[in-house]
$ cat start.cif   # mmCIF, N, CA and C atoms and all ligand atoms
data_structure
#
loop_
_atom_site.label_atom_id
_atom_site.label_comp_id
_atom_site.auth_asym_id
_atom_site.auth_seq_id
_atom_site.Cartn_x
_atom_site.Cartn_y
_atom_site.Cartn_z
N MET H 1 6.01 1.10 7.17
CA MET H 1 5.45 -0.19 6.83
C MET H 1 5.87 -0.56 5.41
N ILE H 2 6.00 -1.84 5.15
CA ILE H 2 6.51 -2.23 3.83
C ILE H 2 5.49 -1.87 2.74
N VAL H 3 6.01 -1.58 1.56
CA VAL H 3 5.18 -1.06 0.49
C VAL H 3 4.07 -2.03 0.10
N SER H 4 4.41 -3.33 0.03
CA SER H 4 3.39 -4.27 -0.43
C SER H 4 2.21 -4.36 0.54
N LEU H 5 2.46 -4.11 1.83
CA LEU H 5 1.32 -4.13 2.75
C LEU H 5 0.50 -2.83 2.63
N HIS H 6 1.16 -1.72 2.31
CA HIS H 6 0.40 -0.51 1.98
C HIS H 6 -0.51 -0.78 0.78
N VAL H 7 0.05 -1.44 -0.23
CA VAL H 7 -0.73 -1.78 -1.43
C VAL H 7 -1.93 -2.65 -1.05
N ALA H 8 -1.67 -3.68 -0.24
CA ALA H 8 -2.72 -4.64 0.10
C ALA H 8 -3.82 -4.01 0.96
N THR H 9 -3.43 -3.22 1.98
CA THR H 9 -4.46 -2.63 2.84
C THR H 9 -5.28 -1.60 2.06
N GLY H 10 -4.62 -0.85 1.18
CA GLY H 10 -5.35 0.11 0.34
C GLY H 10 -6.33 -0.61 -0.57
N ALA H 11 -5.89 -1.72 -1.12
CA ALA H 11 -6.75 -2.50 -2.02
C ALA H 11 -7.96 -3.04 -1.26
N ALA H 12 -7.71 -3.55 -0.06
CA ALA H 12 -8.81 -4.10 0.74
C ALA H 12 -9.83 -3.01 1.08
N ALA H 13 -9.32 -1.83 1.46
CA ALA H 13 -10.24 -0.73 1.80
C ALA H 13 -11.02 -0.29 0.57
N GLY H 14 -10.34 -0.23 -0.56
CA GLY H 14 -11.01 0.16 -1.81
C GLY H 14 -12.10 -0.84 -2.17
N ALA H 15 -11.76 -2.12 -2.07
CA ALA H 15 -12.73 -3.15 -2.41
C ALA H 15 -13.91 -3.11 -1.45
N ALA H 16 -13.63 -2.90 -0.16
CA ALA H 16 -14.70 -2.87 0.84
C ALA H 16 -15.61 -1.66 0.63
N SER H 17 -15.02 -0.53 0.27
CA SER H 17 -15.83 0.68 0.09
C SER H 17 -16.63 0.60 -1.20
N GLY H 18 -16.09 -0.06 -2.20
CA GLY H 18 -16.78 -0.16 -3.48
C GLY H 18 -16.85 1.16 -4.22
N SER H 19 -16.11 2.16 -3.76
CA SER H 19 -16.18 3.49 -4.37
C SER H 19 -14.80 3.99 -4.70
N ARG H 20 -14.63 4.48 -5.94
CA ARG H 20 -13.32 4.99 -6.36
C ARG H 20 -12.92 6.21 -5.56
N VAL H 21 -13.89 7.08 -5.30
CA VAL H 21 -13.59 8.31 -4.55
C VAL H 21 -13.18 7.96 -3.13
N ALA H 22 -13.93 7.07 -2.50
CA ALA H 22 -13.58 6.65 -1.15
C ALA H 22 -12.21 6.00 -1.14
N ALA H 23 -11.93 5.18 -2.15
CA ALA H 23 -10.63 4.50 -2.23
C ALA H 23 -9.50 5.53 -2.31
N LEU H 24 -9.71 6.56 -3.12
CA LEU H 24 -8.69 7.62 -3.27
C LEU H 24 -8.44 8.36 -1.97
N LEU H 25 -9.52 8.61 -1.23
CA LEU H 25 -9.40 9.39 0.01
C LEU H 25 -8.84 8.54 1.15
N LEU H 26 -9.27 7.28 1.18
CA LEU H 26 -8.83 6.40 2.27
C LEU H 26 -7.36 6.02 2.15
N GLY H 27 -6.86 5.94 0.91
CA GLY H 27 -5.51 5.46 0.68
C GLY H 27 -4.45 6.15 1.53
N PRO H 28 -4.30 7.47 1.38
CA PRO H 28 -3.25 8.17 2.13
C PRO H 28 -3.46 8.11 3.65
N ILE H 29 -4.72 8.06 4.08
CA ILE H 29 -4.99 7.96 5.52
C ILE H 29 -4.51 6.62 6.05
N LEU H 30 -4.80 5.58 5.28
CA LEU H 30 -4.31 4.24 5.65
C LEU H 30 -2.79 4.18 5.66
N HIS H 31 -2.20 4.90 4.71
CA HIS H 31 -0.73 4.92 4.66
C HIS H 31 -0.17 5.49 5.97
N LEU H 32 -0.72 6.62 6.38
CA LEU H 32 -0.25 7.26 7.61
C LEU H 32 -0.51 6.36 8.81
N ALA H 33 -1.68 5.72 8.84
CA ALA H 33 -2.00 4.83 9.95
C ALA H 33 -1.02 3.66 9.98
N GLY H 34 -0.69 3.12 8.81
CA GLY H 34 0.22 1.98 8.74
C GLY H 34 1.61 2.34 9.21
N ASP H 35 2.09 3.52 8.81
CA ASP H 35 3.43 3.93 9.23
C ASP H 35 3.50 4.20 10.73
N ARG H 36 2.35 4.47 11.31
CA ARG H 36 2.27 4.77 12.75
C ARG H 36 2.43 3.52 13.60
N LEU H 37 2.03 2.37 13.07
CA LEU H 37 2.20 1.12 13.80
C LEU H 37 3.69 0.84 13.95
N PRO H 38 4.12 0.50 15.15
CA PRO H 38 5.55 0.17 15.29
C PRO H 38 5.89 -1.05 14.44
N HIS H 39 6.75 -0.87 13.46
CA HIS H 39 6.98 -1.93 12.49
C HIS H 39 8.44 -2.01 12.06
N GLN H 40 8.78 -3.16 11.50
CA GLN H 40 10.09 -3.30 10.85
C GLN H 40 9.96 -2.89 9.40
N ASP H 41 11.06 -2.44 8.83
CA ASP H 41 11.07 -2.13 7.41
C ASP H 41 12.02 -3.06 6.69
N ILE H 42 11.89 -3.08 5.38
CA ILE H 42 12.80 -3.88 4.56
C ILE H 42 13.84 -2.93 3.98
N GLY H 43 15.10 -3.26 4.18
CA GLY H 43 16.16 -2.34 3.77
C GLY H 43 16.34 -2.21 2.27
N SER H 44 15.85 -3.18 1.52
CA SER H 44 16.08 -3.16 0.07
C SER H 44 15.03 -2.34 -0.65
N ARG H 45 15.45 -1.20 -1.17
CA ARG H 45 14.52 -0.36 -1.90
C ARG H 45 14.03 -1.07 -3.16
N ARG H 46 14.94 -1.81 -3.76
CA ARG H 46 14.57 -2.54 -4.98
C ARG H 46 13.47 -3.55 -4.70
N PHE H 47 13.58 -4.26 -3.58
CA PHE H 47 12.54 -5.23 -3.24
C PHE H 47 11.23 -4.52 -2.93
N GLU H 48 11.31 -3.41 -2.19
CA GLU H 48 10.12 -2.66 -1.82
C GLU H 48 9.36 -2.19 -3.06
N ILE H 49 10.09 -1.59 -3.98
CA ILE H 49 9.46 -1.08 -5.20
C ILE H 49 8.93 -2.23 -6.05
N GLY H 50 9.75 -3.26 -6.19
CA GLY H 50 9.36 -4.40 -7.03
C GLY H 50 8.11 -5.10 -6.52
N SER H 51 8.08 -5.35 -5.20
CA SER H 51 6.93 -6.08 -4.66
C SER H 51 5.67 -5.21 -4.67
N GLY H 52 5.85 -3.91 -4.42
CA GLY H 52 4.70 -3.00 -4.48
C GLY H 52 4.12 -2.94 -5.88
N LEU H 53 5.01 -2.78 -6.86
CA LEU H 53 4.56 -2.72 -8.26
C LEU H 53 3.90 -4.03 -8.68
N ALA H 54 4.47 -5.14 -8.24
CA ALA H 54 3.91 -6.44 -8.60
C ALA H 54 2.46 -6.54 -8.10
N GLY H 55 2.22 -6.06 -6.86
CA GLY H 55 0.87 -6.10 -6.32
C GLY H 55 -0.08 -5.23 -7.13
N LEU H 56 0.39 -4.03 -7.49
CA LEU H 56 -0.45 -3.12 -8.28
C LEU H 56 -0.78 -3.71 -9.64
N VAL H 57 0.23 -4.27 -10.30
CA VAL H 57 0.03 -4.83 -11.64
C VAL H 57 -0.94 -6.01 -11.58
N LEU H 58 -0.78 -6.83 -10.54
CA LEU H 58 -1.66 -7.98 -10.37
C LEU H 58 -3.12 -7.52 -10.19
N LEU H 59 -3.32 -6.53 -9.34
CA LEU H 59 -4.67 -6.02 -9.11
C LEU H 59 -5.26 -5.45 -10.41
N ALA H 60 -4.45 -4.65 -11.11
CA ALA H 60 -4.93 -4.03 -12.35
C ALA H 60 -5.28 -5.10 -13.37
N ALA H 61 -4.47 -6.16 -13.44
CA ALA H 61 -4.70 -7.20 -14.43
C ALA H 61 -5.95 -8.02 -14.09
N ARG H 62 -6.15 -8.30 -12.80
CA ARG H 62 -7.26 -9.18 -12.44
C ARG H 62 -8.57 -8.44 -12.19
N ARG H 63 -8.49 -7.21 -11.70
CA ARG H 63 -9.74 -6.50 -11.36
C ARG H 63 -9.97 -5.30 -12.24
N GLY H 64 -8.95 -4.91 -13.02
CA GLY H 64 -9.07 -3.73 -13.88
C GLY H 64 -8.42 -2.52 -13.23
N PRO H 65 -7.79 -1.66 -14.06
CA PRO H 65 -7.04 -0.52 -13.51
C PRO H 65 -7.92 0.48 -12.77
N LEU H 66 -9.22 0.51 -13.08
CA LEU H 66 -10.09 1.50 -12.44
C LEU H 66 -10.97 0.90 -11.36
N ASP H 67 -10.70 -0.33 -11.01
CA ASP H 67 -11.44 -0.96 -9.91
C ASP H 67 -11.08 -0.24 -8.61
N PRO H 68 -12.07 -0.06 -7.71
CA PRO H 68 -11.76 0.62 -6.44
C PRO H 68 -10.60 -0.01 -5.68
N ALA H 69 -10.43 -1.32 -5.79
CA ALA H 69 -9.32 -1.99 -5.10
C ALA H 69 -7.98 -1.52 -5.67
N THR H 70 -7.91 -1.44 -7.00
CA THR H 70 -6.67 -1.00 -7.64
C THR H 70 -6.37 0.45 -7.31
N ILE H 71 -7.40 1.28 -7.34
CA ILE H 71 -7.24 2.71 -7.02
C ILE H 71 -6.82 2.88 -5.55
N GLY H 72 -7.45 2.11 -4.67
CA GLY H 72 -7.09 2.18 -3.25
C GLY H 72 -5.64 1.76 -3.03
N ALA H 73 -5.21 0.73 -3.76
CA ALA H 73 -3.83 0.25 -3.64
C ALA H 73 -2.86 1.34 -4.07
N GLY H 74 -3.16 1.99 -5.18
CA GLY H 74 -2.28 3.06 -5.67
C GLY H 74 -2.27 4.23 -4.69
N ALA H 75 -3.46 4.62 -4.23
CA ALA H 75 -3.56 5.78 -3.35
C ALA H 75 -2.86 5.55 -2.03
N SER H 76 -2.86 4.33 -1.55
CA SER H 76 -2.23 4.10 -0.25
C SER H 76 -0.73 3.85 -0.36
N SER H 77 -0.22 3.56 -1.55
CA SER H 77 1.22 3.35 -1.68
C SER H 77 1.93 4.58 -2.23
N VAL H 78 1.18 5.48 -2.85
CA VAL H 78 1.82 6.63 -3.52
C VAL H 78 2.60 7.55 -2.56
N PRO H 79 2.20 7.69 -1.28
CA PRO H 79 3.02 8.55 -0.40
C PRO H 79 4.48 8.10 -0.30
N ASP H 80 4.75 6.82 -0.50
CA ASP H 80 6.13 6.35 -0.40
C ASP H 80 6.98 6.78 -1.60
N LEU H 81 6.31 7.26 -2.66
CA LEU H 81 7.08 7.76 -3.80
C LEU H 81 7.97 8.94 -3.43
N GLU H 82 7.60 9.65 -2.37
CA GLU H 82 8.43 10.80 -2.00
C GLU H 82 9.80 10.38 -1.48
N HIS H 83 9.94 9.09 -1.14
CA HIS H 83 11.29 8.62 -0.76
C HIS H 83 12.21 8.52 -1.97
N VAL H 84 11.63 8.27 -3.14
CA VAL H 84 12.47 7.99 -4.31
C VAL H 84 12.45 9.08 -5.36
N LEU H 85 11.45 9.96 -5.34
CA LEU H 85 11.38 11.01 -6.35
C LEU H 85 11.64 12.37 -5.71
N PRO H 86 12.84 12.91 -5.92
CA PRO H 86 13.23 14.16 -5.24
C PRO H 86 12.31 15.34 -5.54
N PHE H 87 11.69 15.36 -6.73
CA PHE H 87 10.86 16.54 -7.04
C PHE H 87 9.58 16.58 -6.20
N LEU H 88 9.28 15.49 -5.52
CA LEU H 88 8.10 15.49 -4.65
C LEU H 88 8.39 16.14 -3.30
N ARG H 89 9.66 16.46 -3.06
CA ARG H 89 10.01 17.16 -1.81
C ARG H 89 10.94 18.33 -2.15
N PRO H 90 10.36 19.34 -2.80
CA PRO H 90 11.16 20.45 -3.34
C PRO H 90 12.01 21.16 -2.30
N HIS H 91 11.56 21.26 -1.08
CA HIS H 91 12.36 21.95 -0.07
C HIS H 91 12.99 20.95 0.89
N GLY H 92 13.10 19.72 0.41
CA GLY H 92 13.73 18.70 1.22
C GLY H 92 12.83 18.17 2.32
N ARG H 93 11.61 18.68 2.36
CA ARG H 93 10.71 18.25 3.42
C ARG H 93 9.68 17.29 2.84
N LYS H 94 9.52 16.16 3.48
CA LYS H 94 8.56 15.19 3.00
C LYS H 94 7.18 15.49 3.56
N LEU H 95 6.21 15.40 2.67
CA LEU H 95 4.83 15.71 3.07
C LEU H 95 4.27 14.64 4.01
N PHE H 96 4.46 13.37 3.63
CA PHE H 96 3.88 12.30 4.43
C PHE H 96 4.82 11.75 5.48
N HIS H 97 6.11 11.97 5.28
CA HIS H 97 7.08 11.37 6.19
C HIS H 97 7.93 12.44 6.87
N GLY H 98 7.48 13.70 6.82
CA GLY H 98 8.30 14.79 7.35
C GLY H 98 8.05 15.08 8.82
N ARG H 99 6.98 14.53 9.35
CA ARG H 99 6.67 14.83 10.75
C ARG H 99 7.52 13.97 11.67
N PRO H 100 8.35 14.59 12.48
CA PRO H 100 9.25 13.79 13.32
C PRO H 100 8.45 12.87 14.24
N GLY H 101 8.90 11.63 14.33
CA GLY H 101 8.29 10.72 15.28
C GLY H 101 7.06 10.00 14.78
N TRP H 102 6.57 10.36 13.58
CA TRP H 102 5.36 9.70 13.12
C TRP H 102 5.64 8.27 12.69
N HIS H 103 6.67 8.14 11.85
CA HIS H 103 7.04 6.83 11.36
C HIS H 103 7.72 6.06 12.49
N ARG H 104 7.13 4.94 12.90
CA ARG H 104 7.64 4.23 14.07
C ARG H 104 8.26 2.90 13.71
N SER H 105 9.44 2.71 14.20
CA SER H 105 10.05 1.40 14.07
C SER H 105 9.67 0.57 15.28
N GLY H 106 9.51 -0.73 15.07
CA GLY H 106 9.12 -1.55 16.20
C GLY H 106 9.01 -3.00 15.84
N ARG H 107 8.06 -3.66 16.48
CA ARG H 107 8.06 -5.11 16.49
C ARG H 107 7.40 -5.81 15.32
N PHE H 108 6.48 -5.17 14.65
CA PHE H 108 5.71 -5.84 13.59
C PHE H 108 6.70 -6.33 12.52
N PRO H 109 6.94 -7.65 12.48
CA PRO H 109 8.02 -8.16 11.63
C PRO H 109 7.74 -7.98 10.14
N ALA H 110 8.80 -7.67 9.41
CA ALA H 110 8.65 -7.47 7.97
C ALA H 110 8.12 -8.74 7.30
N GLY H 111 8.58 -9.90 7.77
CA GLY H 111 8.13 -11.15 7.17
C GLY H 111 6.64 -11.36 7.33
N LEU H 112 6.12 -10.99 8.50
CA LEU H 112 4.69 -11.14 8.75
C LEU H 112 3.89 -10.13 7.91
N GLN H 113 4.44 -8.92 7.76
CA GLN H 113 3.78 -7.94 6.90
C GLN H 113 3.67 -8.47 5.47
N LEU H 114 4.76 -9.09 5.03
CA LEU H 114 4.79 -9.62 3.66
C LEU H 114 3.76 -10.75 3.50
N LEU H 115 3.68 -11.59 4.52
CA LEU H 115 2.74 -12.70 4.50
C LEU H 115 1.30 -12.18 4.45
N LEU H 116 1.02 -11.19 5.29
CA LEU H 116 -0.30 -10.58 5.31
C LEU H 116 -0.64 -9.96 3.96
N ALA H 117 0.34 -9.23 3.41
CA ALA H 117 0.12 -8.59 2.12
C ALA H 117 -0.24 -9.64 1.07
N GLY H 118 0.50 -10.76 1.09
CA GLY H 118 0.23 -11.81 0.12
C GLY H 118 -1.15 -12.41 0.31
N ALA H 119 -1.54 -12.61 1.57
CA ALA H 119 -2.84 -13.22 1.85
C ALA H 119 -3.98 -12.29 1.41
N ILE H 120 -3.84 -11.00 1.73
CA ILE H 120 -4.88 -10.04 1.36
C ILE H 120 -4.99 -9.93 -0.17
N LEU H 121 -3.83 -9.77 -0.81
CA LEU H 121 -3.85 -9.63 -2.27
C LEU H 121 -4.37 -10.91 -2.93
N GLY H 122 -3.97 -12.05 -2.37
CA GLY H 122 -4.44 -13.32 -2.93
C GLY H 122 -5.95 -13.41 -2.88
N ALA H 123 -6.53 -12.99 -1.75
CA ALA H 123 -7.99 -13.04 -1.61
C ALA H 123 -8.66 -12.08 -2.59
N LEU H 124 -8.00 -10.93 -2.82
CA LEU H 124 -8.62 -9.92 -3.68
C LEU H 124 -8.54 -10.27 -5.16
N VAL H 125 -7.57 -11.07 -5.55
CA VAL H 125 -7.46 -11.38 -6.97
C VAL H 125 -7.91 -12.81 -7.29
N ALA H 126 -8.35 -13.55 -6.25
CA ALA H 126 -8.82 -14.90 -6.51
C ALA H 126 -10.08 -14.85 -7.36
N PRO H 127 -10.21 -15.78 -8.28
CA PRO H 127 -11.44 -15.78 -9.10
C PRO H 127 -12.64 -16.05 -8.20
N PRO H 128 -13.77 -15.42 -8.50
CA PRO H 128 -14.96 -15.62 -7.66
C PRO H 128 -15.35 -17.09 -7.66
N SER H 129 -15.74 -17.58 -6.47
CA SER H 129 -16.12 -18.99 -6.41
C SER H 129 -17.46 -19.17 -7.09
N ARG H 130 -17.57 -20.20 -7.88
CA ARG H 130 -18.80 -20.41 -8.64
C ARG H 130 -19.68 -21.42 -7.93
N ALA H 131 -20.93 -21.09 -7.85
CA ALA H 131 -21.88 -21.96 -7.15
C ALA H 131 -22.68 -22.77 -8.15
N ASP H 132 -21.98 -23.60 -8.91
CA ASP H 132 -22.76 -24.42 -9.85
C ASP H 132 -22.44 -25.90 -9.76
ZN ZN O 1 5.36 5.58 4.36
#
$ encode --input "start.cif" --output "C-alpha cells"
Amino acid sequence: MIVSLHVATGAAAGAASGSRVAALLLGPILHLAGDRLPHQDIGSRRFEIGSGLAGLVLLAARRGPLDPATIGAGASSVPDLEHVLPFLRPHGRKLFHGRPGWHRSGRFPAGLQLLLAGAILGALVAPPSRAD
C-alpha cells in the first residue's frame, strides 16, 4: 500500500484511540493489514517517501509531534523503512515484508489510495469547527 495511506490510516487510528501507546501498537498491525489488501503501488520511491514525510510533518505541525495521531502515523509507516535502509534487514530478510505472499498486488488503485490519504489527513489537520 502506498506510504501516504499508511500514514493516514495510522493517524486516524491514533486519533480515534486517543492513546499514544495504542497508537504505537496499532501502527504496525495496520501496516500489515494494509499491505494485505490487494493494491497497486507507486513505482516512484521518491514520491512515496516525499508524500509520506509530508503527511507526517503536517500532522506534527498541526497536532504536535507527540499527538496520538502523529505517533500512529509514524508507527504505521515505519515498517516501510526496511525497503530503504539496509541495516534494518541485516540478513537480507525483511521483518515486515519478508513473508512470501503477504504483500498483495491487486485492484485498489494508487490514485484512489492517494485521494483517501489526502481526505483522511485533511480531516485530521483541519482546524476544529467553532460553535460561536
Ligand atoms: Zn509495507
$ residues_near_ligand --input "start.cif" --ligand "ligand ZN 1 (chain O)" --cutoff "10 Å" --atoms "only C-alpha atoms and all ligand atoms" --output "MDAnalysis selection string"
chainID H and resid 1:3 6 28 30:36 76:83 96:97 102:103
$ residues_around --input "start.cif" --residues "Gln40 in chain H" --least-positions-apart "6" --cutoff "7 Å" --atoms "all atoms listed in the file" --output "NGL selection string"
:H and (1-2 or 104-110)
$ residues_around --input "start.cif" --residues "Phe47 in chain H" --least-positions-apart "6" --cutoff "12 Å" --atoms "only C-alpha atoms" --output "list in words"
Ile2, Val3, Ser4, Asp41, Leu53, Ala54 and Leu114 of chain H
$ residues_around --input "start.cif" --residues "range 64-68 of chain H" --least-positions-apart "2" --cutoff "8 Å" --atoms "all atoms listed in the file" --output "list in words"
Gly10, Ala11, Ala12, Ala13, Gly14, Ala15, Ala16, Ser17, Gly18, Ser19, Arg20, Val21, Ala22, Ala23, Leu24, Leu58, Leu59, Ala60, Ala61, Arg62, Thr70, Ile71, Gly72, Ala73 and Gly74 of chain H
$ select_by_dssp --input "start.cif" --residues "range 2-130 of chain H" --states "alpha helix (DSSP H)" --output "PyMOL selection string"
chain H and resi 3-17+20-36+45-63+68-77+81-84+110-125
$ closest_residue --input "start.cif" --among "H:Arg45, H:His39, H:Arg63, H:Arg99" --to "Leu124 in chain H" --atoms "only N, CA and C atoms"
H:Arg63
$ atom_distance --input "start.cif" --atom1 "CA of Leu56 in chain H" --atom2 "CA of Arg89 in chain H"
23.7 Å
$ atom_distance --input "start.cif" --atom1 "CA of Val7 in chain H" --atom2 "CA of Leu112 in chain H"
14.9 Å
$ atom_distance --input "start.cif" --atom1 "atom C of Leu116 in chain H" --atom2 "atom N of Leu5 in chain H"
7.0 Å
$ closest_residue --input "start.cif" --among "H:Pro90, H:Ala69, H:Glu48, H:Gly43" --to "Gly27 in chain H" --atoms "only C-alpha atoms"
H:Ala69
$ closest_residue --input "start.cif" --among "H:Phe87, H:Ile42, H:Ala75, H:Val125" --to "Gly111 in chain H" --atoms "all atoms listed in the file"
H:Ile42
